[in-house]
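Visitor: Contents of coords_38.pdb (PDB, N, CA and C atoms) are below:
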```pdb
ATOM      1  N   MET A   1       1.890 -12.017  18.349
ATOM      2  CA  MET A   1       1.112 -11.177  17.472
ATOM      3  C   MET A   1       0.260 -10.231  18.299
ATOM      4  N   SER A   2       0.299  -8.977  17.950
ATOM      5  CA  SER A   2      -0.507  -8.019  18.706
ATOM      6  C   SER A   2      -1.974  -8.132  18.317
ATOM      7  N   ARG A   3      -2.806  -7.506  19.088
ATOM      8  CA  ARG A   3      -4.244  -7.548  18.794
ATOM      9  C   ARG A   3      -4.559  -6.863  17.478
ATOM     10  N   LEU A   4      -3.869  -5.763  17.193
ATOM     11  CA  LEU A   4      -4.112  -5.054  15.936
ATOM     12  C   LEU A   4      -3.725  -5.919  14.742
ATOM     13  N   THR A   5      -2.606  -6.614  14.831
ATOM     14  CA  THR A   5      -2.186  -7.491  13.740
ATOM     15  C   THR A   5      -3.192  -8.621  13.552
ATOM     16  N   THR A   6      -3.652  -9.200  14.648
ATOM     17  CA  THR A   6      -4.623 -10.287  14.568
ATOM     18  C   THR A   6      -5.938  -9.801  13.971
ATOM     19  N   ALA A   7      -6.418  -8.656  14.444
ATOM     20  CA  ALA A   7      -7.678  -8.117  13.919
ATOM     21  C   ALA A   7      -7.554  -7.756  12.445
ATOM     22  N   SER A   8      -6.441  -7.185  12.054
ATOM     23  CA  SER A   8      -6.239  -6.823  10.650
ATOM     24  C   SER A   8      -6.154  -8.063   9.766
ATOM     25  N   THR A   9      -5.490  -9.088  10.249
ATOM     26  CA  THR A   9      -5.390 -10.325   9.479
ATOM     27  C   THR A   9      -6.760 -10.972   9.315
ATOM     28  N   VAL A  10      -7.540 -10.994  10.372
ATOM     29  CA  VAL A  10      -8.888 -11.562  10.298
ATOM     30  C   VAL A  10      -9.752 -10.745   9.339
ATOM     31  N   LEU A  11      -9.673  -9.425   9.419
ATOM     32  CA  LEU A  11     -10.438  -8.560   8.522
ATOM     33  C   LEU A  11     -10.070  -8.825   7.067
ATOM     34  N   GLY A  12      -8.793  -8.941   6.788
ATOM     35  CA  GLY A  12      -8.348  -9.202   5.428
ATOM     36  C   GLY A  12      -8.799 -10.557   4.915
ATOM     37  N   LEU A  13      -8.689 -11.571   5.756
ATOM     38  CA  LEU A  13      -9.106 -12.911   5.338
ATOM     39  C   LEU A  13     -10.616 -13.009   5.133
ATOM     40  N   VAL A  14     -11.378 -12.362   5.999
ATOM     41  CA  VAL A  14     -12.839 -12.355   5.830
ATOM     42  C   VAL A  14     -13.204 -11.623   4.540
ATOM     43  N   GLY A  15     -12.526 -10.518   4.263
ATOM     44  CA  GLY A  15     -12.780  -9.796   3.016
ATOM     45  C   GLY A  15     -12.444 -10.625   1.801
ATOM     46  N   LEU A  16     -11.334 -11.357   1.867
ATOM     47  CA  LEU A  16     -10.940 -12.214   0.752
ATOM     48  C   LEU A  16     -11.964 -13.319   0.513
ATOM     49  N   VAL A  17     -12.387 -13.985   1.573
ATOM     50  CA  VAL A  17     -13.371 -15.061   1.442
ATOM     51  C   VAL A  17     -14.701 -14.507   0.931
ATOM     52  N   MET A  18     -15.116 -13.352   1.461
ATOM     53  CA  MET A  18     -16.374 -12.766   1.024
ATOM     54  C   MET A  18     -16.327 -12.404  -0.463
ATOM     55  N   ALA A  19     -15.227 -11.806  -0.901
ATOM     56  CA  ALA A  19     -15.109 -11.439  -2.316
ATOM     57  C   ALA A  19     -15.082 -12.676  -3.205
ATOM     58  N   MET A  20     -14.363 -13.703  -2.789
ATOM     59  CA  MET A  20     -14.272 -14.913  -3.602
ATOM     60  C   MET A  20     -15.615 -15.636  -3.700
ATOM     61  N   LEU A  21     -16.279 -15.807  -2.581
ATOM     62  CA  LEU A  21     -17.551 -16.523  -2.598
ATOM     63  C   LEU A  21     -18.630 -15.741  -3.331
ATOM     64  N   THR A  22     -18.615 -14.429  -3.199
ATOM     65  CA  THR A  22     -19.592 -13.609  -3.914
ATOM     66  C   THR A  22     -19.349 -13.663  -5.417
ATOM     67  N   ALA A  23     -18.087 -13.640  -5.819
ATOM     68  CA  ALA A  23     -17.778 -13.735  -7.245
ATOM     69  C   ALA A  23     -18.156 -15.108  -7.798
ATOM     70  N   LEU A  24     -17.934 -16.161  -7.035
ATOM     71  CA  LEU A  24     -18.305 -17.507  -7.486
ATOM     72  C   LEU A  24     -19.814 -17.671  -7.597
ATOM     73  N   ALA A  25     -20.559 -17.006  -6.735
ATOM     74  CA  ALA A  25     -22.014 -17.111  -6.743
ATOM     75  C   ALA A  25     -22.636 -16.088  -7.690
ATOM     76  N   ASP A  26     -21.809 -15.379  -8.439
ATOM     77  CA  ASP A  26     -22.271 -14.361  -9.384
ATOM     78  C   ASP A  26     -23.102 -13.297  -8.668
ATOM     79  N   GLY A  27     -22.533 -12.793  -7.564
ATOM     80  CA  GLY A  27     -23.219 -11.808  -6.754
ATOM     81  C   GLY A  27     -23.018 -10.391  -7.259
ATOM     82  N   ALA A  28     -23.494  -9.460  -6.470
ATOM     83  CA  ALA A  28     -23.440  -8.047  -6.833
ATOM     84  C   ALA A  28     -22.007  -7.540  -6.830
ATOM     85  N   PRO A  29     -21.640  -6.741  -7.816
ATOM     86  CA  PRO A  29     -20.275  -6.191  -7.860
ATOM     87  C   PRO A  29     -19.935  -5.304  -6.665
ATOM     88  N   SER A  30     -20.941  -4.672  -6.063
ATOM     89  CA  SER A  30     -20.664  -3.819  -4.906
ATOM     90  C   SER A  30     -20.203  -4.647  -3.703
ATOM     91  N   ILE A  31     -20.740  -5.850  -3.553
ATOM     92  CA  ILE A  31     -20.312  -6.710  -2.443
ATOM     93  C   ILE A  31     -18.904  -7.236  -2.705
ATOM     94  N   ILE A  32     -18.602  -7.528  -3.952
ATOM     95  CA  ILE A  32     -17.240  -7.957  -4.296
ATOM     96  C   ILE A  32     -16.256  -6.835  -4.009
ATOM     97  N   ALA A  33     -16.635  -5.601  -4.367
ATOM     98  CA  ALA A  33     -15.774  -4.446  -4.096
ATOM     99  C   ALA A  33     -15.591  -4.249  -2.596
ATOM    100  N   LEU A  34     -16.644  -4.436  -1.819
ATOM    101  CA  LEU A  34     -16.539  -4.330  -0.363
ATOM    102  C   LEU A  34     -15.561  -5.365   0.182
ATOM    103  N   GLY A  35     -15.598  -6.578  -0.351
ATOM    104  CA  GLY A  35     -14.658  -7.614   0.080
ATOM    105  C   GLY A  35     -13.224  -7.235  -0.224
ATOM    106  N   PHE A  36     -12.991  -6.662  -1.413
ATOM    107  CA  PHE A  36     -11.634  -6.246  -1.750
ATOM    108  C   PHE A  36     -11.175  -5.053  -0.914
ATOM    109  N   ILE A  37     -12.093  -4.172  -0.565
ATOM    110  CA  ILE A  37     -11.736  -3.055   0.320
ATOM    111  C   ILE A  37     -11.352  -3.582   1.696
ATOM    112  N   MET A  38     -12.125  -4.540   2.206
ATOM    113  CA  MET A  38     -11.783  -5.152   3.491
ATOM    114  C   MET A  38     -10.428  -5.842   3.421
ATOM    115  N   LEU A  39     -10.167  -6.507   2.306
ATOM    116  CA  LEU A  39      -8.879  -7.173   2.102
ATOM    117  C   LEU A  39      -7.743  -6.158   2.138
ATOM    118  N   ALA A  40      -7.912  -5.042   1.448
ATOM    119  CA  ALA A  40      -6.862  -4.024   1.405
ATOM    120  C   ALA A  40      -6.643  -3.385   2.775
ATOM    121  N   LEU A  41      -7.725  -3.088   3.480
ATOM    122  CA  LEU A  41      -7.591  -2.507   4.820
ATOM    123  C   LEU A  41      -6.919  -3.478   5.788
ATOM    124  N   GLY A  42      -7.276  -4.731   5.703
ATOM    125  CA  GLY A  42      -6.652  -5.738   6.560
ATOM    126  C   GLY A  42      -5.179  -5.889   6.260
ATOM    127  N   PHE A  43      -4.818  -5.875   4.980
ATOM    128  CA  PHE A  43      -3.414  -5.983   4.589
ATOM    129  C   PHE A  43      -2.611  -4.789   5.096
ATOM    130  N   MET A  44      -3.148  -3.586   4.896
ATOM    131  CA  MET A  44      -2.423  -2.387   5.344
ATOM    132  C   MET A  44      -2.283  -2.361   6.862
ATOM    133  N   GLY A  45      -3.331  -2.732   7.575
ATOM    134  CA  GLY A  45      -3.262  -2.768   9.032
ATOM    135  C   GLY A  45      -2.243  -3.772   9.537
ATOM    136  N   ALA A  46      -2.192  -4.933   8.908
ATOM    137  CA  ALA A  46      -1.222  -5.950   9.322
ATOM    138  C   ALA A  46       0.206  -5.503   9.032
ATOM    139  N   VAL A  47       0.418  -4.866   7.891
ATOM    140  CA  VAL A  47       1.763  -4.390   7.554
ATOM    141  C   VAL A  47       2.207  -3.296   8.510
ATOM    142  N   PHE A  48       1.331  -2.327   8.780
ATOM    143  CA  PHE A  48       1.701  -1.241   9.701
ATOM    144  C   PHE A  48       1.913  -1.757  11.123
ATOM    145  N   SER A  49       1.097  -2.702  11.549
ATOM    146  CA  SER A  49       1.261  -3.268  12.881
ATOM    147  C   SER A  49       2.556  -4.062  12.991
ATOM    148  N   ALA A  50       2.890  -4.801  11.949
ATOM    149  CA  ALA A  50       4.151  -5.546  11.963
ATOM    150  C   ALA A  50       5.346  -4.600  11.958
ATOM    151  N   ALA A  51       5.248  -3.497  11.233
ATOM    152  CA  ALA A  51       6.336  -2.511  11.231
ATOM    153  C   ALA A  51       6.494  -1.871  12.606
ATOM    154  N   ALA A  52       5.378  -1.591  13.273
ATOM    155  CA  ALA A  52       5.453  -1.015  14.619
ATOM    156  C   ALA A  52       6.068  -2.015  15.598
ATOM    157  N   ALA A  53       5.695  -3.282  15.481
ATOM    158  CA  ALA A  53       6.275  -4.308  16.351
ATOM    159  C   ALA A  53       7.768  -4.463  16.081
ATOM    160  N   LEU A  54       8.160  -4.390  14.822
ATOM    161  CA  LEU A  54       9.574  -4.474  14.481
ATOM    162  C   LEU A  54      10.345  -3.285  15.057
ATOM    163  N   GLY A  55       9.729  -2.108  15.041
ATOM    164  CA  GLY A  55      10.366  -0.936  15.641
ATOM    165  C   GLY A  55      10.574  -1.096  17.132
ATOM    166  N   ARG A  56       9.585  -1.695  17.816
ATOM    167  CA  ARG A  56       9.732  -1.938  19.248
ATOM    168  C   ARG A  56      10.831  -2.951  19.528
ATOM    169  N   VAL A  57      10.916  -3.974  18.723
ATOM    170  CA  VAL A  57      11.961  -4.987  18.900
ATOM    171  C   VAL A  57      13.333  -4.372  18.634
ATOM    172  N   TRP A  58      13.411  -3.523  17.638
ATOM    173  CA  TRP A  58      14.672  -2.871  17.295
ATOM    174  C   TRP A  58      15.189  -2.019  18.455
ATOM    175  N   GLU A  59      14.256  -1.324  19.153
ATOM    176  CA  GLU A  59      14.653  -0.492  20.290
ATOM    177  C   GLU A  59      15.084  -1.328  21.482
ATOM    178  N   THR A  60      14.480  -2.482  21.681
ATOM    179  CA  THR A  60      14.849  -3.306  22.849
ATOM    180  C   THR A  60      16.197  -3.974  22.675
ATOM    181  N   THR A  61      16.660  -4.128  21.436
ATOM    182  CA  THR A  61      17.952  -4.765  21.234
ATOM    183  C   THR A  61      19.113  -3.798  21.447
ATOM    184  N   ARG A  62      18.816  -2.525  21.504
ATOM    185  CA  ARG A  62      19.896  -1.534  21.708
ATOM    186  C   ARG A  62      20.369  -1.484  23.120
TER
END
```
How does the structure come out when it is put into structure tokens?

Guide:
Amino acid sequence: MSRLTTASTVLGLVGLVMAMLTALADGAPSIIALGFIMLALGFMGAVFSAAAALGRVWETTR
């Protein structure tokens, strides 16, 4: 796993946990939205990083 994939996965998981715990504690909607934004950014970063890694693997097999 590359550093970008690891960082994106951690960002997404932290955002998910933050959104879930804030919603359970009946917290502010802005903090819940921030958690979901972090989740979305982490997901997109992990997907793009995995696609880039797959592209590198595809080139090495040629």

Visitor: As a PyMOL selection string, please: the residues near range 29-41 of chain A (cut-off 7 Å, all atoms listed in the file, same-chain neighbours under 4 positions excluded).

Guide: chain A and resi 8+11-20+22-23+45-46

Visitor: Mind dumping the selected residues with N, CA and C atoms as a CSV table (one decimal), keeping the file's coordinate frame?

Guide:
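Below you can see result_18.csv, which holds the result:
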```csv
chain,number,residue,atom,x,y,z
A,8,SER,N,-6.4,-7.2,12.1
A,8,SER,CA,-6.2,-6.8,10.6
A,8,SER,C,-6.2,-8.1,9.8
A,11,LEU,N,-9.7,-9.4,9.4
A,11,LEU,CA,-10.4,-8.6,8.5
A,11,LEU,C,-10.1,-8.8,7.1
A,12,GLY,N,-8.8,-8.9,6.8
A,12,GLY,CA,-8.3,-9.2,5.4
A,12,GLY,C,-8.8,-10.6,4.9
A,13,LEU,N,-8.7,-11.6,5.8
A,13,LEU,CA,-9.1,-12.9,5.3
A,13,LEU,C,-10.6,-13.0,5.1
A,14,VAL,N,-11.4,-12.4,6.0
A,14,VAL,CA,-12.8,-12.4,5.8
A,14,VAL,C,-13.2,-11.6,4.5
A,15,GLY,N,-12.5,-10.5,4.3
A,15,GLY,CA,-12.8,-9.8,3.0
A,15,GLY,C,-12.4,-10.6,1.8
A,16,LEU,N,-11.3,-11.4,1.9
A,16,LEU,CA,-10.9,-12.2,0.8
A,16,LEU,C,-12.0,-13.3,0.5
A,17,VAL,N,-12.4,-14.0,1.6
A,17,VAL,CA,-13.4,-15.1,1.4
A,17,VAL,C,-14.7,-14.5,0.9
A,18,MET,N,-15.1,-13.4,1.5
A,18,MET,CA,-16.4,-12.8,1.0
A,18,MET,C,-16.3,-12.4,-0.5
A,19,ALA,N,-15.2,-11.8,-0.9
A,19,ALA,CA,-15.1,-11.4,-2.3
A,19,ALA,C,-15.1,-12.7,-3.2
A,20,MET,N,-14.4,-13.7,-2.8
A,20,MET,CA,-14.3,-14.9,-3.6
A,20,MET,C,-15.6,-15.6,-3.7
A,22,THR,N,-18.6,-14.4,-3.2
A,22,THR,CA,-19.6,-13.6,-3.9
A,22,THR,C,-19.3,-13.7,-5.4
A,23,ALA,N,-18.1,-13.6,-5.8
A,23,ALA,CA,-17.8,-13.7,-7.2
A,23,ALA,C,-18.2,-15.1,-7.8
A,45,GLY,N,-3.3,-2.7,7.6
A,45,GLY,CA,-3.3,-2.8,9.0
A,45,GLY,C,-2.2,-3.8,9.5
A,46,ALA,N,-2.2,-4.9,8.9
A,46,ALA,CA,-1.2,-6.0,9.3
A,46,ALA,C,0.2,-5.5,9.0
```

Visitor: Can you tell me which residues surround Ala53 in chain A at a distance of at most 12 Å, considering only C-alpha atoms, apart from same-chain residues fewer than 4 positions away, and format the answer as a PyMOL selection string?

Guide: chain A and resi 1-5+46-49+57-60

Visitor: How many Å separate CA of Ala28 in chain A from atom N of Phe43 in chain A?

Guide: 22.2 Å

Visitor: What gap, in Å, lies between CA of Thr6 in chain A and CA of Gly27 in chain A?

Guide: 28.3 Å

Visitor: Output: chain A of the preceding structure, restricted to C-alpha atoms, written as a short mmCIF file (atom, residue, chain, number, x, y, z; two decimals), in the first residue's frame.

Guide:
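In the end it all went to result_13.cif:
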```cif
data_model
loop_
_atom_site.label_atom_id
_atom_site.label_comp_id
_atom_site.auth_asym_id
_atom_site.auth_seq_id
_atom_site.Cartn_x
_atom_site.Cartn_y
_atom_site.Cartn_z
CA MET A 1 0.00 0.00 0.00
CA SER A 2 1.37 3.37 -0.92
CA ARG A 3 1.55 6.24 1.52
CA LEU A 4 -1.22 8.10 -0.28
CA THR A 5 -3.54 5.09 -0.09
CA THR A 6 -2.77 4.63 3.61
CA ALA A 7 -3.28 8.32 4.39
CA SER A 8 -6.53 8.43 2.42
CA THR A 9 -7.84 5.32 4.14
CA VAL A 10 -7.00 6.73 7.57
CA LEU A 11 -8.64 10.06 6.67
CA GLY A 12 -11.79 8.29 5.53
CA LEU A 13 -12.00 6.07 8.59
CA VAL A 14 -11.42 8.98 10.97
CA GLY A 15 -14.14 10.94 9.18
CA LEU A 16 -16.53 8.00 9.42
CA VAL A 17 -15.89 7.51 13.14
CA MET A 18 -16.18 11.24 13.81
CA ALA A 19 -19.49 11.50 11.95
CA MET A 20 -20.91 8.42 13.66
CA LEU A 21 -19.91 9.40 17.18
CA THR A 22 -21.08 12.98 16.71
CA ALA A 23 -24.45 11.79 15.41
CA LEU A 24 -24.81 9.37 18.34
CA ALA A 25 -23.99 12.13 20.82
CA ASP A 26 -26.53 14.44 19.13
CA GLY A 27 -23.79 16.86 18.14
CA ALA A 28 -23.73 19.79 15.77
CA PRO A 29 -24.75 19.06 12.17
CA SER A 30 -21.70 20.96 10.89
CA ILE A 31 -19.35 18.50 12.60
CA ILE A 32 -21.30 15.58 11.15
CA ALA A 33 -21.01 17.17 7.71
CA LEU A 34 -17.26 17.63 8.23
CA GLY A 35 -16.97 13.92 9.06
CA PHE A 36 -18.80 12.97 5.89
CA ILE A 37 -16.62 15.31 3.83
CA MET A 38 -13.52 13.67 5.32
CA LEU A 39 -15.03 10.28 4.52
CA ALA A 40 -15.65 11.27 0.90
CA LEU A 41 -12.18 12.75 0.45
CA GLY A 42 -10.57 9.66 1.95
CA PHE A 43 -12.61 7.38 -0.29
CA MET A 44 -11.74 9.34 -3.44
CA GLY A 45 -8.05 9.48 -2.53
CA ALA A 46 -7.91 5.74 -1.89
CA VAL A 47 -9.68 4.95 -5.16
CA PHE A 48 -7.42 7.23 -7.21
CA SER A 49 -4.31 5.91 -5.49
CA ALA A 50 -5.36 2.32 -6.10
CA ALA A 51 -6.02 3.12 -9.77
CA ALA A 52 -2.57 4.68 -10.09
CA ALA A 53 -0.97 1.63 -8.46
CA LEU A 54 -2.90 -0.64 -10.80
CA GLY A 55 -1.63 1.39 -13.76
CA ARG A 56 1.95 0.94 -12.58
CA VAL A 57 1.45 -2.80 -12.17
CA TRP A 58 -0.13 -3.00 -15.62
CA GLU A 59 2.95 -1.35 -17.17
CA THR A 60 5.41 -3.65 -15.39
CA THR A 61 3.68 -6.76 -16.72
CA ARG A 62 4.24 -5.70 -20.33
#
```
